[in-house]
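Enquirer: Below is final20.pdb; it holds PDB, C-alpha atoms.
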```pdb
ATOM      1  CA  MET A  25     -43.621  25.921 253.178
ATOM      2  CA  VAL A  26     -44.447  29.553 252.389
ATOM      3  CA  LEU A  27     -42.187  31.626 250.150
ATOM      4  CA  THR A  28     -42.441  35.285 249.193
ATOM      5  CA  GLN A  29     -39.788  37.521 247.718
ATOM      6  CA  SER A  30     -39.485  41.258 247.331
ATOM      7  CA  LYS A  31     -38.322  42.755 244.061
ATOM      8  CA  ASP A  32     -34.812  43.050 245.525
ATOM      9  CA  ASP A  33     -34.568  39.430 246.723
ATOM     10  CA  VAL A  34     -32.810  36.882 244.559
ATOM     11  CA  TYR A  35     -33.410  33.180 245.132
ATOM     12  CA  HIS A  36     -31.271  30.580 243.479
ATOM     13  CA  VAL A  37     -33.730  27.701 243.507
ATOM     14  CA  SER A  38     -31.197  25.446 241.828
ATOM     15  CA  ALA A  39     -29.148  25.593 245.054
ATOM     16  CA  LEU A  40     -32.001  24.052 247.058
ATOM     17  CA  PRO A  41     -31.992  20.328 247.729
ATOM     18  CA  VAL A  42     -34.922  18.206 246.591
ATOM     19  CA  LEU A  43     -37.742  18.745 249.097
ATOM     20  CA  ALA A  44     -38.705  15.076 249.051
ATOM     21  CA  ASN A  45     -41.450  15.198 251.718
ATOM     22  CA  LEU A  46     -43.046  18.557 250.936
ATOM     23  CA  SER A  47     -46.715  18.081 250.038
ATOM     24  CA  HIS A  48     -48.106  21.641 250.491
ATOM     25  CA  LEU A  49     -46.455  24.735 249.010
ATOM     26  CA  GLU A  50     -47.711  28.311 249.218
ATOM     27  CA  LEU A  51     -45.992  30.925 247.080
ATOM     28  CA  GLY A  52     -46.368  34.684 247.331
ATOM     29  CA  LEU A  53     -44.722  37.268 245.123
ATOM     30  CA  VAL A  54     -42.121  35.230 243.234
ATOM     31  CA  ALA A  55     -40.763  35.077 239.712
ATOM     32  CA  ILE A  56     -42.064  32.424 237.323
ATOM     33  CA  GLU A  57     -38.625  30.797 237.351
ATOM     34  CA  VAL A  58     -38.904  30.349 241.118
ATOM     35  CA  ILE A  59     -42.349  28.764 240.756
ATOM     36  CA  PHE A  60     -41.067  26.233 238.215
ATOM     37  CA  GLY A  61     -37.808  25.699 240.091
ATOM     38  CA  LEU A  62     -39.693  24.821 243.266
ATOM     39  CA  LEU A  63     -42.117  22.559 241.400
ATOM     40  CA  GLU A  64     -39.091  20.667 240.096
ATOM     41  CA  LYS A  65     -37.749  20.317 243.674
ATOM     42  CA  THR A  66     -41.024  18.959 245.152
ATOM     43  CA  PRO A  67     -41.677  15.510 243.670
ATOM     44  CA  VAL A  68     -44.564  14.600 246.031
ATOM     45  CA  LEU A  69     -46.335  17.973 246.072
ATOM     46  CA  LYS A  70     -50.116  17.565 246.417
ATOM     47  CA  THR A  71     -51.267  21.164 246.987
ATOM     48  CA  LEU A  72     -49.971  24.368 245.381
ATOM     49  CA  VAL A  73     -51.273  27.748 246.561
ATOM     50  CA  LEU A  74     -50.362  30.734 244.406
ATOM     51  CA  ALA A  75     -51.020  33.749 246.621
ATOM     52  CA  LEU A  76     -49.663  36.149 244.038
ATOM     53  CA  LYS A  77     -50.213  39.814 244.817
ATOM     54  CA  GLU A  78     -49.222  40.450 241.238
ATOM     55  CA  THR A  79     -48.761  37.932 238.497
ATOM     56  CA  PRO A  80     -45.116  37.427 237.544
ATOM     57  CA  LYS A  81     -44.232  38.785 234.148
ATOM     58  CA  PHE A  82     -43.215  36.187 231.589
ATOM     59  CA  ALA A  83     -43.694  35.359 227.936
ATOM     60  CA  LYS A  84     -46.230  32.631 227.137
ATOM     61  CA  GLU A  85     -43.549  31.028 224.975
ATOM     62  CA  LEU A  86     -41.587  30.300 228.160
ATOM     63  CA  LEU A  87     -44.324  27.840 229.156
ATOM     64  CA  ASN A  88     -44.209  26.152 225.748
ATOM     65  CA  PHE A  89     -40.610  25.132 226.406
ATOM     66  CA  ALA A  90     -40.851  24.526 230.152
ATOM     67  CA  VAL A  91     -39.967  21.076 231.413
ATOM     68  CA  VAL A  92     -43.021  19.553 233.078
ATOM     69  CA  PRO A  93     -42.106  18.927 236.736
ATOM     70  CA  ASP A  94     -42.614  15.385 238.047
ATOM     71  CA  CYS A  95     -45.180  16.511 240.628
ATOM     72  CA  LEU A  96     -47.474  17.675 237.811
ATOM     73  CA  LYS A  97     -47.287  14.264 236.194
ATOM     74  CA  SER A  98     -47.745  12.202 239.338
ATOM     75  CA  THR A  99     -48.913  13.855 242.579
ATOM     76  CA  LEU A 100     -50.295  17.413 242.296
ATOM     77  CA  GLU A 101     -54.025  17.286 243.086
ATOM     78  CA  ILE A 102     -55.020  20.819 244.104
ATOM     79  CA  VAL A 103     -54.028  24.250 242.793
ATOM     80  CA  ASN A 104     -55.400  27.414 244.389
ATOM     81  CA  PHE A 105     -54.962  30.826 242.779
ATOM     82  CA  GLU A 106     -55.581  33.619 245.295
ATOM     83  CA  LYS A 107     -56.338  37.292 244.587
ATOM     84  CA  VAL A 108     -57.205  36.532 240.963
ATOM     85  CA  LYS A 109     -57.718  39.464 238.623
ATOM     86  CA  GLY A 110     -58.310  37.438 235.469
ATOM     87  CA  ASP A 111     -55.253  38.685 233.614
ATOM     88  CA  GLU A 112     -53.515  36.977 230.716
ATOM     89  CA  LYS A 113     -50.543  35.717 232.766
ATOM     90  CA  GLU A 114     -52.829  33.982 235.288
ATOM     91  CA  LEU A 115     -54.609  32.373 232.359
ATOM     92  CA  PHE A 116     -51.344  31.155 230.761
ATOM     93  CA  LEU A 117     -50.153  29.658 234.045
ATOM     94  CA  ALA A 118     -53.532  28.006 234.712
ATOM     95  CA  GLU A 119     -53.517  26.565 231.184
ATOM     96  CA  PHE A 120     -50.058  25.051 231.675
ATOM     97  CA  LEU A 121     -51.067  23.479 234.991
ATOM     98  CA  LEU A 122     -54.382  22.191 233.613
ATOM     99  CA  LYS A 123     -52.789  20.720 230.493
ATOM    100  CA  ASN A 124     -49.950  18.989 232.351
ATOM    101  CA  GLY A 125     -51.549  18.147 235.703
ATOM    102  CA  LYS A 126     -52.232  14.447 235.209
ATOM    103  CA  MET A 127     -53.527  13.912 238.772
ATOM    104  CA  LEU A 128     -55.180  17.325 239.170
ATOM    105  CA  GLU A 129     -58.551  17.076 240.914
ATOM    106  CA  ARG A 130     -59.386  20.716 241.566
ATOM    107  CA  MET A 131     -58.250  24.175 240.543
ATOM    108  CA  SER A 132     -59.705  27.032 242.589
ATOM    109  CA  PHE A 133     -59.684  30.740 241.839
ATOM    110  CA  PHE A 134     -60.304  33.135 244.725
ATOM    111  CA  LEU A 135     -61.315  36.469 243.244
ATOM    112  CA  ASN A 136     -60.624  39.842 244.830
ATOM    113  CA  ASN A 137     -64.292  40.793 245.129
ATOM    114  CA  GLN A 138     -67.771  40.464 243.644
ATOM    115  CA  LYS A 139     -67.112  43.276 241.150
ATOM    116  CA  VAL A 140     -64.219  41.303 239.654
ATOM    117  CA  ALA A 141     -66.334  38.126 239.695
ATOM    118  CA  LYS A 142     -69.112  39.753 237.646
ATOM    119  CA  SER A 143     -66.879  41.576 235.178
ATOM    120  CA  LYS A 144     -66.836  40.846 231.459
ATOM    121  CA  ALA A 145     -63.111  40.094 231.684
ATOM    122  CA  MET A 146     -63.747  37.384 234.295
ATOM    123  CA  LYS A 147     -66.517  35.877 232.174
ATOM    124  CA  GLU A 148     -64.048  35.613 229.276
ATOM    125  CA  PHE A 149     -61.384  34.237 231.647
ATOM    126  CA  LYS A 150     -63.766  31.450 232.755
ATOM    127  CA  GLU A 151     -64.769  30.621 229.183
ATOM    128  CA  LYS A 152     -61.140  30.281 228.132
ATOM    129  CA  LEU A 153     -60.339  28.112 231.159
ATOM    130  CA  HIS A 154     -63.170  25.742 230.302
ATOM    131  CA  SER A 155     -61.919  25.473 226.715
ATOM    132  CA  PHE A 156     -58.397  24.320 227.651
ATOM    133  CA  LYS A 157     -57.341  20.715 227.244
ATOM    134  CA  LYS A 158     -57.053  19.143 230.683
ATOM    135  CA  GLY A 159     -55.020  16.282 232.135
ATOM    136  CA  HIS A 160     -56.793  12.934 232.020
ATOM    137  CA  SER A 161     -58.101  12.807 235.616
ATOM    138  CA  PHE A 162     -59.158  16.443 236.063
ATOM    139  CA  GLY A 163     -62.072  17.086 238.424
ATOM    140  CA  TYR A 164     -63.408  20.652 238.435
ATOM    141  CA  LEU A 165     -62.764  24.382 238.352
ATOM    142  CA  GLU A 166     -64.036  26.465 241.252
ATOM    143  CA  PHE A 167     -64.479  30.234 241.569
ATOM    144  CA  SER A 168     -65.188  32.084 244.806
ATOM    145  CA  TYR A 169     -65.259  35.514 246.424
ATOM    146  CA  ASP A 170     -66.468  36.857 249.785
ATOM    147  CA  SER A 171     -67.031  33.341 251.183
ATOM    148  CA  VAL A 172     -69.575  32.576 248.437
ATOM    149  CA  THR A 173     -68.558  29.798 246.079
ATOM    150  CA  GLU A 174     -69.715  29.365 242.507
ATOM    151  CA  GLY A 175     -68.824  25.912 241.203
ATOM    152  CA  SER A 176     -68.453  25.081 237.543
TER     153      SER A 176
END
```
Please rewrite the model in this file as structure tokens.

Expert:
Amino acid sequence: MVLTQSKDDVYHVSALPVLANLSHLELGLVAIEVIFGLLEKTPVLKTLVLALKETPKFAKELLNFAVVPDCLKSTLEIVNFEKVKGDEKELFLAEFLLKNGKMLERMSFFLNNQKVAKSKAMKEFKEKLHSFKKGHSFGYLEFSYDSVTEGS
């Protein structure tokens, strides 16, 4: 399932039924509430791709009070962030997923280009990611750009 919304679109995720068999979800430009709403509706989700052209605006405090969706506790194995810029909101969302993803095996960050990959901001982004508490079965973080992968 692929979902993208324009700034004028309004999705009422609560109106969706539980997507009981959905194991792969790719989200484009959506609000943080839509991301969490869909995670709550996908109990067997294994792969989440966040192809965010811009990171949704939200307060970090929102994540402190967010209910942890069942898929994070039991089935989500892979999270891919695409078009990563290394901003604070991406970091907050990654931290939430890392901390609560009990079955998470891999989190990948696909950077816009080599310039972003070598920037001081990205170095700090990586250091912060590595410092976060992770779910008990976490595998590894992966960073890539231009078909070249740098594992860590």

Enquirer: How many Å lie between atom CA of Leu121 of chain A and atom CA of Leu43 of chain A, rounded to one decimal?

Expert: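 According to the coordinates, atom CA of Leu121 of chain A and atom CA of Leu43 of chain A are separated by 20.0 Å.
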
Enquirer: Identify which of the residues A:Phe120, A:Val54, A:Phe134, A:Phe156 lies closest to Glu106 of chain A, counting only C-alpha atoms when measuring atom-to-atom distances.

Expert: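 Looking only at the distances to Glu106 of chain A, the closest residue turns out to be A:Phe134.
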
Enquirer: Just so the selection is clear, what residues does the PyMOL selection byres ((chain A and resi 103) around 9) cover here, as a list in words?

Expert: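 Answer for the PyMOL selection byres ((chain A and resi 103) around 9): Lys70, Thr71, Leu72, Val73, Leu74, Leu100, Glu101, Ile102, Asn104, Phe105, Ala118, Leu121, Leu128, Glu129, Arg130, Met131, Ser132 and Phe133 of chain A.
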
Enquirer: Apply the PyMOL selection byres ((chain A and resi 125) around 7) to the file shown and report the selected residues as a list in words.

Expert: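 Matching residues under the PyMOL selection byres ((chain A and resi 125) around 7) are Leu96, Lys97, Leu100, Leu121, Leu122, Lys123, Asn124, Lys126, Met127, Leu128 and Gly159 of chain A.
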
Enquirer: Would you list the contacts of Glu151 of chain A as a list in words, taking every protein, DNA or RNA residue within 12 Å and counting only C-alpha atoms, but skipping same-chain residues closer than 3 positions in sequence?

Expert: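 Those residues are Gly110, Leu115, Lys144, Ala145, Met146, Lys147, Glu148, His154, Ser155, Phe156, Leu165 and Ser176 of chain A.
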
Enquirer: Could you write out as an NGL selection string the residues that the PyMOL selection byres ((chain A and resi 108) around 9) matches in the shown file?

Expert: :A and (75-79 or 105-107 or 109-111 or 114 or 133-136 or 140)

Enquirer: Quick one, how far is atom CA of Ala55 of chain A from atom CA of Gly163 of chain A?

Expert: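 Value for the atom CA of Ala55 of chain A-atom CA of Gly163 of chain A distance: 27.9 Å.
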
Enquirer: What gap, in Å, lies between atom CA of Lys65 of chain A and atom CA of Phe116 of chain A?

Expert: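 Atom CA of Phe116 of chain A lies 21.7 Å from atom CA of Lys65 of chain A.
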